[in-house]
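J.: Here's a structure for you.
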Amino acid sequence: MQSEVFEMKNLRYFPHERNVYFKGKLLTVRDFESEQRYFNDKRRLTNRLLHGGGVVCGLQVIAVDEKQISVEAGVALDYLGREIVLPEPVKLKLSMMEGFSNNDYAKNVYVCLAYDEKGKEQVFSVSETVEQEMAEYNRVAEGYRLFIKEEAPHPASIEGVQLVEQRVLLYADPQVRIWQATPRYVNPGEVFSLQLHIEKTVQTSRVQFHYKLDAPGLTVLESSDGSVSFLEPVDAKETDYVVSIPIKAGWDRGTVELAVLGGKAEVRLGDRLVHTDLLSVGKIEITPDDLVERLVSDYYNRKLDQVTQANEQPFLYLAKVCLLQMNATYVIEKVVPVPFGEYVYTPALLQKLAMRAQKGKQVEQRSPADSFRVTTRVKEIAAGDKAQFDVSYDNLASVYQFELGLPRPGKAYEQVATGVVEIPIEPYSSNWPFGVKIGNRYFSEELKHSLGKGNVYVSAGIEDSHADVIDELLSQHEQVMYGHSSVFDDSEYATDAAHFAVGVIVYPQKGTFRIGVQVKGPVQTDRARIRWWAIKPLVAGTEDVAFQDSQE
């Protein structure tokens, strides 16, 4: 019987061969397989080269409870260009998934997604060589496989990252992983960031890391002796840290090796000190070329074999799940979605991101001699203070900083919206002396107050509007009655409005509310006109004031 998993026979997708049809041609299994392979390979090659691998939409991983996760429906492309579709959410117990081991529960595990194929609809066929019935699959169902990996990938193995930066693994054990990222190219005199990434399990002790950089032509700006270090805050409970260390490039062109002074780094896990051999942490090329043009040139100069080589593990890391060990079992502490940034970015999304980055980009200019940089920044100061303008110069980094301080506007503490709604009530009837049955209740549609989601206070009152014969020629008399209107019964202020009781239901998660009225006394009208006010406190630091008047 044929295997249930149909492996791809050609992971390179080329050369492409297309069927030729002519009258009298005898079509065999080979011809039909070639027909399907032609279109599949071309589509997958396009996916592979133009889109890459990653999540396209959906596929969020969330913790359902302490033991289970749910993977939402979605679409992804693997690194061979194959489409992976989850048509509906899947709920799984973590310890029952493929790849989960029970040897240690205080760890991080990774939820992975891979393309999969399975045969379906078994039928019987007669072999061409053996005259006996054989079972074959009539269809191939394209699907997916969810499983667990208990080791993180090498930071440099994620597709595409090596084009723009160099990633070096500095230290790794089952509880802690430390790696470093530096740009491949920098300009002479440029200040760039060396980034330390620290990943640890929830129950790992406090982490410290330190080494001294020995790289002629590079200066660590915040250290006099070239120290590159990380010290985890005492009360921190994070599992991922990123530390940016500013470094200034020299003016000599060429490739600089990032050597480690003494060839060792220190790692301290709580009270335990570990020395790890660390001779070199990468290379950086100092070049006067335009960096973007250089990276684009590298991208298009890649060899075909390099681009199309089959990935040995063409799966995606959907989430990192941090586990706590509780006695003889585990609990899910938190879930980190797509921990290695494996997304497919469409051209439309990239265009919008580029436009947004351009708008928010800090103004930066260089002198013609490229000997210093100028940056500007606008900051907010207290309301009522005078505007400020400061200029500073960092001699080591060769940076002029212009800073403008503008006073914040007067702060409001509430957002307010108001409106009017008319609620139809039972029409006049000869069965009741005053037209409307006392005790009847009427309700509005669900109304939007336009203040967004969250807790909102809504006050509503009956609006009484009438005109007598003389006042009609002059002006119209209006009044709005709030609260317990019965206090005005049998007084000179009593009107039809006093014979209505008003109530409000607020739906915080929907940003809406509903108004209800009940007839408490004799009225002669076919509708109740309600004036409402919605009030929402501003969160700390919010400056915008919303005051809206809407007619629902």
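Convention: chains lettered A, B, ... in structure tokens order; per-chain residue numbering from 1; ligands numbered from 1 as shown.
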Taking the DSSP secondary structure from the backbone, can you list the residues of segment 49-190 of chain A that are helix (DSSP H, G or I), as a list in words?
T.: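 Everything in segment 49-190 of chain A that counts as helix (DSSP H, G or I) is Leu49, Leu50, His51, Leu94, Ser95, Met96, Val161, Gln162, Leu163 and Val164 of chain A.
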J.: Name the residues of segment 214-439 of chain A that come out as strand (DSSP E) in a backbone DSSP run; write them as a PyMOL selection string.
T.: chain A and resi 214+218-220+227-231+240-249+254-260+264-269+272-277+280-286+316-326+329-337+364-366+373-381+388-394+399-407+414-424
J.: Using only C-alpha atoms, which of A:Val234, A:Ala387, A:Val331, A:Val336 sits nearest Val61 of chain A?
T.: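 Ranked by minimum distance to Val61 of chain A, first place goes to A:Val336.
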J.: Using only C-alpha atoms, which protein or nucleic acid residues come within 6 Å of segment 171-185 of chain A? Drop anything in the same chain fewer than 2 positions from it, and give the result as a PyMOL selection string.
T.: chain A and resi 165-169+194-201+284-286
J.: Report as an MDAnalysis selection string all protein, DNA and RNA residues lying within 7 Å of Leu80 of chain A, evaluated on only C-alpha atoms, omitting residues in the same chain fewer than 2 positions from it.
T.: chainID A and resid 44 48 78 82 310 314
J.: Considering only C-alpha atoms, return as a list in words whatever protein or nucleic-acid residues lie within 10 Å of Thr346 of chain A, sequence-local ones (same chain, fewer than 4 positions apart) excluded.
T.: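 Residues meeting the cut-off are Leu50, His51, Val56, Leu350 and Gln351 of chain A.
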J.: Go through A:Val344, A:Val458, A:Ile535, A:Ala63 one by one, measure the shortest atom-to-atom distance of each to Leu323 of chain A using only C-alpha atoms, and give the residue with the smallest value.
T.: A:Ala63
J.: Could you tell me how far atom CA of Glu17 of chain A sits from atom CA of Lys118 of chain A, in Å to one decimal place?
T.: 25.3 Å
J.: Looking at only C-alpha atoms, which of A:Val281, A:Val191, A:Leu304, A:Ala135 is the one that sits closest to Ala249 of chain A?
T.: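 Nearest candidate to Ala249 of chain A out of A:Val281, A:Val191, A:Leu304, A:Ala135: A:Val191.
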J.: Taking only C-alpha atoms into account, name the residue in A:Thr239, A:Val267, A:Ala319, A:Leu258 that is nearest to Phe147 of chain A.
T.: A:Ala319
J.: Restricting the calculation to only C-alpha atoms: of A:Pro407, A:Gly516, A:Gly461, A:Pro337, which residue gets closest to Pro424 of chain A?
T.: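 Ranked by minimum distance to Pro424 of chain A, first place goes to A:Gly516.
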J.: Of the candidates A:Tyr507, A:Tyr493, A:Phe488, A:Phe500, which one gets nearest to Leu447 of chain A if we count only C-alpha atoms?
T.: A:Tyr507
J.: Please measure the separation of atom CA of Val164 of chain A and atom CA of Leu295 of chain A, giving the value in Å to one decimal.
T.: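 Atom CA of Val164 of chain A sits 6.7 Å away from atom CA of Leu295 of chain A.
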J.: Using only C-alpha atoms, which protein or nucleic acid residues come within 7 Å of Thr287 of chain A? Drop anything in the same chain fewer than 5 positions from it, and give the result as an MDAnalysis selection string.
T.: chainID A and resid 185:188 253:254
J.: What is the atom CA of Gln306 of chain A to atom CA of Pro15 of chain A distance in Å?
T.: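 A separation of 16.2 Å between them.
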J.: What's the 6 Å shell around segment 399-403 of chain A, counting only C-alpha atoms, without same-chain residues fewer than 4 positions away, as an MDAnalysis selection string?
T.: chainID A and resid 372:378 389:394
J.: Export C-alpha atoms of the chosen residues as a PDB file, in the first residue's frame?
T.:
ATOM      1  CA  PHE A 372      29.682  65.048  12.351  1.00  0.00           C
ATOM      2  CA  ARG A 373      25.968  64.421  12.576  1.00  0.00           C
ATOM      3  CA  VAL A 374      23.083  66.659  13.529  1.00  0.00           C
ATOM      4  CA  THR A 375      19.929  65.348  15.202  1.00  0.00           C
ATOM      5  CA  THR A 376      16.826  67.167  16.426  1.00  0.00           C
ATOM      6  CA  ARG A 377      14.260  66.162  19.003  1.00  0.00           C
ATOM      7  CA  VAL A 378      11.037  67.672  20.301  1.00  0.00           C
ATOM      8  CA  PHE A 389      15.732  75.277  23.138  1.00  0.00           C
ATOM      9  CA  ASP A 390      18.986  73.461  23.957  1.00  0.00           C
ATOM     10  CA  VAL A 391      22.050  72.517  21.906  1.00  0.00           C
ATOM     11  CA  SER A 392      24.584  69.894  23.021  1.00  0.00           C
ATOM     12  CA  TYR A 393      27.554  68.203  21.387  1.00  0.00           C
ATOM     13  CA  ASP A 394      28.878  64.699  22.010  1.00  0.00           C
TER      14      ASP A 394
END
